[in-house]
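data_32.cif (mmCIF, C-alpha atoms and all ligand atoms)
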data_model
loop_
_atom_site.group_PDB
_atom_site.id
_atom_site.type_symbol
_atom_site.label_atom_id
_atom_site.label_comp_id
_atom_site.auth_asym_id
_atom_site.auth_seq_id
_atom_site.Cartn_x
_atom_site.Cartn_y
_atom_site.Cartn_z
ATOM 1 C CA MET A 1 -17.530 -28.848 15.027
ATOM 2 C CA LYS A 2 -13.884 -29.440 14.268
ATOM 3 C CA THR A 3 -11.521 -28.480 17.048
ATOM 4 C CA LEU A 4 -8.628 -26.106 16.440
ATOM 5 C CA THR A 5 -6.292 -29.030 16.991
ATOM 6 C CA GLN A 6 -7.975 -31.090 14.247
ATOM 7 C CA THR A 7 -7.854 -28.122 11.891
ATOM 8 C CA VAL A 8 -4.138 -27.656 12.476
ATOM 9 C CA PHE A 9 -3.415 -31.341 11.863
ATOM 10 C CA GLU A 10 -5.284 -31.104 8.555
ATOM 11 C CA ILE A 11 -3.063 -28.177 7.596
ATOM 12 C CA PHE A 12 0.013 -30.282 8.353
ATOM 13 C CA GLU A 13 -1.400 -33.093 6.197
ATOM 14 C CA LYS A 14 -1.641 -30.623 3.317
ATOM 15 C CA ILE A 15 1.927 -29.459 3.923
ATOM 16 C CA GLU A 16 3.098 -33.062 4.033
ATOM 17 C CA LYS A 17 1.813 -33.565 0.500
ATOM 18 C CA ILE A 18 4.249 -30.855 -0.634
ATOM 19 C CA THR A 19 7.305 -31.283 1.582
ATOM 20 C CA SER A 20 8.501 -32.646 4.886
ATOM 21 C CA PRO A 21 6.481 -30.838 7.584
ATOM 22 C CA GLU A 22 9.619 -30.522 9.703
ATOM 23 C CA SER A 23 11.088 -28.236 7.066
ATOM 24 C CA VAL A 24 8.272 -25.683 7.366
ATOM 25 C CA GLU A 25 7.555 -23.543 10.410
ATOM 26 C CA VAL A 26 3.907 -22.586 10.821
ATOM 27 C CA LEU A 27 3.193 -19.367 12.685
ATOM 28 C CA ALA A 28 -0.304 -18.719 14.019
ATOM 29 C CA ALA A 29 -1.348 -15.171 13.072
ATOM 30 C CA THR A 30 -3.375 -14.322 16.154
ATOM 31 C CA LYS A 31 -4.798 -10.819 15.626
ATOM 32 C CA THR A 32 -8.352 -10.606 17.039
ATOM 33 C CA ARG A 33 -8.069 -14.154 18.467
ATOM 34 C CA PRO A 34 -8.284 -14.735 22.234
ATOM 35 C CA LEU A 35 -5.313 -16.081 24.198
ATOM 36 C CA GLU A 36 -7.278 -19.263 25.029
ATOM 37 C CA ALA A 37 -7.413 -20.151 21.339
ATOM 38 C CA VAL A 38 -3.696 -19.415 20.937
ATOM 39 C CA LEU A 39 -2.884 -21.640 23.911
ATOM 40 C CA GLU A 40 -5.049 -24.461 22.590
ATOM 41 C CA VAL A 41 -2.993 -24.408 19.389
ATOM 42 C CA VAL A 42 0.488 -24.166 20.890
ATOM 43 C CA GLU A 43 -0.218 -26.735 23.591
ATOM 44 C CA ASN A 44 -1.719 -29.390 21.313
ATOM 45 C CA THR A 45 -0.070 -29.026 17.906
ATOM 46 C CA PRO A 46 3.398 -28.590 16.378
ATOM 47 C CA ILE A 47 2.730 -24.845 16.075
ATOM 48 C CA LYS A 48 4.802 -23.059 18.702
ATOM 49 C CA ILE A 49 4.906 -19.493 17.425
ATOM 50 C CA ALA A 50 2.218 -16.821 17.419
ATOM 51 C CA GLY A 51 2.469 -13.564 15.472
ATOM 52 C CA GLU A 52 0.791 -10.309 16.430
ATOM 53 C CA ASN A 53 0.306 -7.154 14.357
ATOM 54 C CA ARG A 54 -0.300 -4.449 16.900
ATOM 55 C CA VAL A 55 1.723 -3.541 19.958
ATOM 56 C CA GLN A 56 -1.285 -2.934 22.184
ATOM 57 C CA GLU A 57 -2.887 -6.262 21.314
ATOM 58 C CA PHE A 58 0.491 -7.990 21.614
ATOM 59 C CA LEU A 59 0.918 -6.673 25.157
ATOM 60 C CA SER A 60 -2.599 -7.476 26.288
ATOM 61 C CA LYS A 61 -2.284 -11.049 24.967
ATOM 62 C CA TYR A 62 1.348 -11.731 25.872
ATOM 63 C CA ASP A 63 1.884 -14.983 27.762
ATOM 64 C CA GLU A 64 5.188 -16.693 28.521
ATOM 65 C CA ARG A 65 3.910 -20.095 27.418
ATOM 66 C CA VAL A 66 3.919 -18.883 23.821
ATOM 67 C CA THR A 67 6.767 -17.744 21.548
ATOM 68 C CA TRP A 68 5.686 -14.423 20.055
ATOM 69 C CA ASP A 69 6.740 -12.870 16.772
ATOM 70 C CA PHE A 70 5.793 -9.414 15.590
ATOM 71 C CA ILE A 71 4.434 -9.294 12.036
ATOM 72 C CA GLY A 72 2.795 -5.863 11.692
ATOM 73 C CA GLN A 73 3.980 -2.315 11.130
ATOM 74 C CA LEU A 74 6.063 -1.358 14.114
ATOM 75 C CA GLN A 75 6.033 2.283 15.189
ATOM 76 C CA THR A 76 9.408 3.386 16.451
ATOM 77 C CA ASN A 77 8.021 4.811 19.700
ATOM 78 C CA LYS A 78 6.559 1.403 20.607
ATOM 79 C CA VAL A 79 9.617 -0.782 20.085
ATOM 80 C CA LYS A 80 10.571 -0.422 23.750
ATOM 81 C CA TYR A 81 7.356 -2.111 24.893
ATOM 82 C CA ILE A 82 7.929 -5.363 23.029
ATOM 83 C CA ILE A 83 11.698 -5.694 22.719
ATOM 84 C CA ASP A 84 12.044 -7.986 25.761
ATOM 85 C CA LYS A 85 9.082 -10.151 24.713
ATOM 86 C CA VAL A 86 9.467 -10.683 20.986
ATOM 87 C CA TRP A 87 11.341 -13.524 19.302
ATOM 88 C CA LEU A 88 11.438 -12.521 15.637
ATOM 89 C CA ILE A 89 10.316 -9.241 14.075
ATOM 90 C CA HIS A 90 9.166 -10.007 10.500
ATOM 91 C CA SER A 91 8.313 -6.525 9.363
ATOM 92 C CA VAL A 92 11.455 -4.396 9.276
ATOM 93 C CA GLU A 93 11.551 -2.133 6.239
ATOM 94 C CA ARG A 94 13.035 1.176 7.310
ATOM 95 C CA ASP A 95 16.420 2.247 8.576
ATOM 96 C CA LYS A 96 14.660 4.412 11.154
ATOM 97 C CA ASN A 97 13.045 1.320 12.697
ATOM 98 C CA MET A 98 16.330 -0.524 12.827
ATOM 99 C CA LYS A 99 18.022 2.337 14.644
ATOM 100 C CA VAL A 100 15.418 2.140 17.385
ATOM 101 C CA ILE A 101 15.308 -1.664 17.518
ATOM 102 C CA ASN A 102 19.101 -1.666 17.775
ATOM 103 C CA LYS A 103 19.085 0.919 20.564
ATOM 104 C CA GLU A 104 16.386 -0.780 22.616
ATOM 105 C CA ALA A 105 17.934 -4.240 22.113
ATOM 106 C CA TYR A 106 21.301 -2.880 23.250
ATOM 107 C CA LYS A 107 19.720 -1.472 26.425
ATOM 108 C CA ILE A 108 18.575 -4.933 27.498
ATOM 109 C CA GLY A 109 21.626 -6.793 26.193
ATOM 110 C CA LYS A 110 19.778 -8.594 23.423
ATOM 111 C CA ILE A 111 20.571 -9.390 19.812
ATOM 112 C CA GLN A 112 17.216 -8.961 18.084
ATOM 113 C CA ASP A 113 16.452 -11.317 15.192
ATOM 114 C CA ILE A 114 14.622 -9.695 12.304
ATOM 115 C CA LEU A 115 13.336 -10.315 8.804
ATOM 116 C CA ILE A 116 13.257 -7.713 6.061
ATOM 117 C CA GLN A 117 9.728 -7.089 4.812
ATOM 118 C CA ILE A 118 9.626 -7.417 1.036
ATOM 119 C CA ASN A 119 6.866 -5.633 -0.875
ATOM 120 C CA ALA A 120 6.976 -8.203 -3.659
ATOM 121 C CA GLY A 121 4.205 -6.666 -5.751
ATOM 122 C CA GLU A 122 5.670 -3.151 -5.355
ATOM 123 C CA GLU A 123 2.301 -1.866 -4.144
ATOM 124 C CA GLU A 124 2.264 1.771 -3.144
ATOM 125 C CA ALA A 125 -0.179 1.185 -0.314
ATOM 126 C CA LYS A 126 2.017 -1.448 1.303
ATOM 127 C CA ALA A 127 5.187 -1.042 3.286
ATOM 128 C CA GLY A 128 8.270 -2.999 2.382
ATOM 129 C CA ILE A 129 11.496 -3.079 0.459
ATOM 130 C CA TYR A 130 11.377 -3.840 -3.257
ATOM 131 C CA CYS A 131 13.207 -6.951 -4.409
ATOM 132 C CA ASN A 132 15.846 -5.002 -6.283
ATOM 133 C CA GLU A 133 16.745 -3.028 -3.134
ATOM 134 C CA ALA A 134 16.812 -5.945 -0.712
ATOM 135 C CA LYS A 135 20.477 -6.821 -1.050
ATOM 136 C CA GLU A 136 21.518 -3.252 -0.293
ATOM 137 C CA PHE A 137 19.142 -3.090 2.676
ATOM 138 C CA ALA A 138 20.583 -6.363 3.994
ATOM 139 C CA GLU A 139 24.009 -4.700 3.993
ATOM 140 C CA ILE A 140 22.647 -1.867 6.124
ATOM 141 C CA VAL A 141 21.260 -4.400 8.624
ATOM 142 C CA LYS A 142 24.790 -5.727 9.120
ATOM 143 C CA THR A 143 25.929 -2.371 10.471
ATOM 144 C CA TYR A 144 23.693 -2.752 13.537
ATOM 145 C CA LYS A 145 25.422 -4.707 16.301
ATOM 146 C CA ASN A 146 22.276 -5.634 18.219
ATOM 147 C CA ILE A 147 20.288 -6.802 15.219
ATOM 148 C CA LYS A 148 20.704 -10.062 13.355
ATOM 149 C CA LEU A 149 19.165 -10.601 9.954
ATOM 150 C CA LYS A 150 17.494 -14.010 9.734
ATOM 151 C CA GLY A 151 15.671 -13.755 6.422
ATOM 152 C CA LEU A 152 12.824 -12.165 4.504
ATOM 153 C CA MET A 153 9.083 -11.768 4.895
ATOM 154 C CA ALA A 154 7.102 -11.307 1.682
ATOM 155 C CA VAL A 155 3.853 -9.409 1.374
ATOM 156 C CA VAL A 156 1.927 -9.836 -1.887
ATOM 157 C CA PRO A 157 -1.187 -8.226 -3.415
ATOM 158 C CA LEU A 158 -4.411 -9.633 -1.995
ATOM 159 C CA ASP A 159 -6.013 -9.796 -5.421
ATOM 160 C CA ALA A 160 -3.189 -11.517 -7.303
ATOM 161 C CA ASN A 161 -4.066 -14.689 -9.220
ATOM 162 C CA GLN A 162 -2.117 -17.954 -8.969
ATOM 163 C CA LYS A 163 0.119 -17.112 -11.880
ATOM 164 C CA GLU A 164 1.005 -13.656 -10.568
ATOM 165 C CA LEU A 165 1.526 -15.031 -7.075
ATOM 166 C CA THR A 166 3.857 -17.721 -8.373
ATOM 167 C CA LYS A 167 5.908 -15.066 -10.132
ATOM 168 C CA LEU A 168 6.139 -12.884 -7.013
ATOM 169 C CA PHE A 169 6.961 -15.804 -4.722
ATOM 170 C CA GLU A 170 9.648 -17.045 -7.094
ATOM 171 C CA LYS A 171 11.084 -13.557 -7.400
ATOM 172 C CA THR A 172 11.297 -13.257 -3.608
ATOM 173 C CA LYS A 173 12.845 -16.728 -3.297
ATOM 174 C CA LYS A 174 15.592 -15.666 -5.706
ATOM 175 C CA VAL A 175 16.425 -12.610 -3.599
ATOM 176 C CA TYR A 176 16.370 -14.824 -0.503
ATOM 177 C CA ASP A 177 18.813 -17.299 -2.043
ATOM 178 C CA ASP A 178 21.051 -14.454 -3.151
ATOM 179 C CA ILE A 179 21.229 -12.914 0.339
ATOM 180 C CA LYS A 180 21.589 -16.343 1.947
ATOM 181 C CA SER A 181 24.511 -17.243 -0.299
ATOM 182 C CA ASP A 182 26.893 -14.987 1.636
ATOM 183 C CA ASN A 183 25.204 -14.892 5.047
ATOM 184 C CA ASN A 184 25.069 -18.034 7.196
ATOM 185 C CA ASP A 185 22.528 -16.537 9.618
ATOM 186 C CA ILE A 186 19.811 -16.421 6.962
ATOM 187 C CA LYS A 187 17.291 -19.112 7.677
ATOM 188 C CA TYR A 188 13.703 -17.975 7.149
ATOM 189 C CA LEU A 189 11.647 -17.141 4.121
ATOM 190 C CA SER A 190 8.326 -16.044 5.657
ATOM 191 C CA MET A 191 5.918 -16.196 2.734
ATOM 192 C CA GLY A 192 2.339 -17.373 2.392
ATOM 193 C CA MET A 193 -0.857 -16.834 4.355
ATOM 194 C CA SER A 194 -4.128 -18.803 4.599
ATOM 195 C CA GLY A 195 -5.096 -18.373 0.953
ATOM 196 C CA ASP A 196 -1.762 -19.129 -0.637
ATOM 197 C CA TYR A 197 0.508 -21.010 1.758
ATOM 198 C CA GLU A 198 0.606 -24.219 -0.271
ATOM 199 C CA LEU A 199 1.757 -22.316 -3.339
ATOM 200 C CA ALA A 200 4.247 -20.333 -1.248
ATOM 201 C CA ILE A 201 5.754 -23.545 0.148
ATOM 202 C CA LYS A 202 6.039 -24.951 -3.375
ATOM 203 C CA CYS A 203 7.944 -21.771 -4.257
ATOM 204 C CA GLY A 204 10.354 -22.182 -1.335
ATOM 205 C CA ALA A 205 8.748 -20.629 1.753
ATOM 206 C CA ASN A 206 9.843 -22.274 5.008
ATOM 207 C CA LEU A 207 7.753 -20.124 7.357
ATOM 208 C CA VAL A 208 4.056 -19.495 6.713
ATOM 209 C CA ARG A 209 1.729 -17.189 8.639
ATOM 210 C CA LEU A 210 -1.762 -18.585 9.068
ATOM 211 C CA GLY A 211 -4.737 -16.861 10.650
ATOM 212 C CA ARG A 212 -8.042 -17.828 9.015
ATOM 213 C CA ALA A 213 -6.875 -21.306 8.024
ATOM 214 C CA ILE A 214 -6.446 -22.093 11.718
ATOM 215 C CA PHE A 215 -9.028 -19.981 13.521
ATOM 216 C CA GLY A 216 -11.706 -19.438 10.858
ATOM 217 C CA GLU A 217 -12.897 -16.147 9.348
ATOM 218 C CA ARG A 218 -12.404 -13.021 11.428
ATOM 219 C CA LYS A 219 -15.672 -11.559 12.751
HETATM 220 C C1 LIG A 301 -3.312 -11.373 9.390
HETATM 221 C C2 LIG A 301 -1.972 -11.651 8.846
HETATM 222 C C3 LIG A 301 -1.632 -12.915 8.374
HETATM 223 C C4 LIG A 301 -2.606 -14.068 8.332
HETATM 224 O O1 LIG A 301 -3.602 -13.830 7.404
HETATM 225 P P1 LIG A 301 -4.714 -14.939 7.115
HETATM 226 O O2 LIG A 301 -5.227 -14.581 5.773
HETATM 227 O O3 LIG A 301 -5.718 -14.805 8.197
HETATM 228 O O4 LIG A 301 -4.012 -16.247 7.137
HETATM 229 C C5 LIG A 301 -0.330 -13.104 7.923
HETATM 230 N N1 LIG A 301 0.574 -12.119 7.911
HETATM 231 C C6 LIG A 301 0.284 -10.882 8.342
HETATM 232 C C7 LIG A 301 1.335 -9.837 8.296
HETATM 233 C C8 LIG A 301 -1.001 -10.611 8.823
HETATM 234 O O5 LIG A 301 -1.289 -9.383 9.234
#

Can I see the file as structure tokens?
Amino acid sequence: MKTLTQTVFEIFEKIEKITSPESVEVLAATKTRPLEAVLEVVENTPIKIAGENRVQEFLSKYDERVTWDFIGQLQTNKVKYIIDKVWLIHSVERDKNMKVINKEAYKIGKIQDILIQINAGEEEAKAGIYCNEAKEFAEIVKTYKNIKLKGLMAVVPLDANQKELTKLFEKTKKVYDDIKSDNNDIKYLSMGMSGDYELAIKCGANLVRLGRAIFGERK
């Protein structure tokens, strides 16, 4: 059996074939995975960030030895439970959420870093801002004093083929470059999961979110 550490180093070898591994941040997507597995990864590999999808699971797993991001849909009434524990929130896509994040961050004297979630495939079932609305949404983010926009997170259709994915990733990268061109805080393009991270990196992602590639299939 390969250890988690070996698996992660193989992932970095793949990334190295595409670009300098230092230029890509790998986040471990840790839903359903035990804290022990998360700790094994962050203590033995270059991966330092874990991302959780649900507030309840986030809180039950939270450990100060790990840097935690939030990558799932965030209900407004639950922001207060994670605001002091979360590093980057990837999944902001509604003004209503920002209002609450801003309010709760203000209460604890924090500037909360966020990404705008981009629904690149414009799927009705998925949350997220469409590419053509992203610039306008980024302007709204600026009006919140306790929120800082750090980039974009793309979600793409699960059933898209390589060609479609390339198109969607490239489209998102363009929006990212556009927003970055007049905002020095913009730093992260979170794009690519276990099945498509190599392609996403080729298209300009500098933050990938990997669950199954690290921990194996979910049971
Ligand atoms: C689960 C999840 C991932 C990781 O997915 P894998 O296919 O297991 O790599 C990435 N991003 C989000 C938002 C997720 O919910």

Problem - Result set, the PyMOL selection byres (((chain A and resi 5) around 12) and not hetatm) on current file, as a list in words - result: Met1, Lys2, Thr3, Leu4, Gln6, Thr7, Val8, Phe9, Glu10, Ile11, Phe12, Ala37, Val38, Leu39, Glu40, Val41, Val42, Glu43, Asn44, Thr45, Pro46, Ile47, Ala213, Ile214 and Phe215 of chain A

Problem - Which residue of A:Arg33, A:Lys150, A:Lys145, A:Lys167 approaches A:Lys99 most closely, using only C-alpha atoms - result: A:Lys145

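Close to (-8.3, -14.3, 7.1), meaning no more than 10 Å away when counting all atoms listed in the file, sit the residues A:Ala29, A:Lys31, A:Met193, A:Ser194, A:Gly195, A:Leu210, A:Gly211, A:Arg212, A:Ala213, A:Ile214, A:Phe215, A:Gly216, A:Glu217, A:Arg218, A:Lys219.
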
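Of the residues listed (A:Gln117, A:Gln75, A:Gln112, A:Ser23), A:Gln117 shows the shortest atom-to-atom separation from ligand LIG 301 (chain A); distances use all atoms listed in the file.
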
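If only C-alpha atoms and all ligand atoms are the atoms counted, then among A:Glu198, A:Glu133, A:Asp182, A:Glu122 the closest residue to ligand LIG 301 (chain A) is A:Glu198.
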
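In this model, the gap between atom CA of A:Lys78 and atom CA of A:Ile49 comes to 21.2 Å.
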
Exercise for the section: Tell me which residues the PyMOL selection byres (((chain A and resi 100) around 10) and not hetatm) grabs here, as a PyMOL selection string. Expected result: chain A and resi 75-80+95-99+101-106

Can I get the selected residues back with C-alpha atoms, as a compact mmCIF listing (two decimals), keeping the file's coordinate frame?
# COMPACT_ATOMS: atom_id res chain seq x y z
CA GLN A 75 6.03 2.28 15.19
CA THR A 76 9.41 3.39 16.45
CA ASN A 77 8.02 4.81 19.70
CA LYS A 78 6.56 1.40 20.61
CA VAL A 79 9.62 -0.78 20.08
CA LYS A 80 10.57 -0.42 23.75
CA ASP A 95 16.42 2.25 8.58
CA LYS A 96 14.66 4.41 11.15
CA ASN A 97 13.04 1.32 12.70
CA MET A 98 16.33 -0.52 12.83
CA LYS A 99 18.02 2.34 14.64
CA ILE A 101 15.31 -1.66 17.52
CA ASN A 102 19.10 -1.67 17.77
CA LYS A 103 19.08 0.92 20.56
CA GLU A 104 16.39 -0.78 22.62
CA ALA A 105 17.93 -4.24 22.11
CA TYR A 106 21.30 -2.88 23.25

Would you give the centre and edge lengths, in Å to one decimal, of a box along x, y and z around the listed atoms of ligand LIG 301 (chain A), with 3 Å added to each side, as lines of an AutoDock Vina configuration file?
center_x = -2.2
center_y = -12.8
center_z = 7.6
size_x = 13.1
size_y = 12.9
size_z = 9.6

Problem - Evaluate the PyMOL selection byres (((chain A and resi 131) around 7) and not hetatm) and report residues as a list in words - result: Ile118, Ala120, Ile129, Tyr130, Asn132, Glu133, Ala134, Thr172 and Val175 of chain A

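Closest to ligand LIG 301 (chain A) among A:Glu52, A:Asp177, A:Glu36, A:Asp63 is A:Glu52, based on only C-alpha atoms and all ligand atoms.
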
Fill in the blank from the handout: From the list A:Leu88, A:Leu115, A:Leu168, A:Ala50, the nearest residue to A:Leu189 using only C-alpha atoms is A:Leu115

Practice task
Could you please determine the separation between atom CA of A:Ala154 and atom CA of A:Asp69 in Å, to one decimal place?
Solution key: 15.2 Å

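If you measure from each of A:Glu16, A:Tyr62, A:Pro21, A:Trp68 to A:Leu35 using all atoms listed in the file, the closest one turns out to be A:Tyr62.
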
Practice task
Go ahead and compute the interatomic distance for atom C5 of ligand LIG 301 (chain A) and atom CA of A:Glu64, in Å to one decimal.
Solution key: 21.6 Å

Practice task
Counting all atoms listed in the file, find the residues whose atoms lie at most 12 Å from (12.3, -29.3, 9.7) (file coordinates) and write them out as an MDAnalysis selection string.
Solution key: chainID A and resid 15:16 19:26 46 187:188 206:207
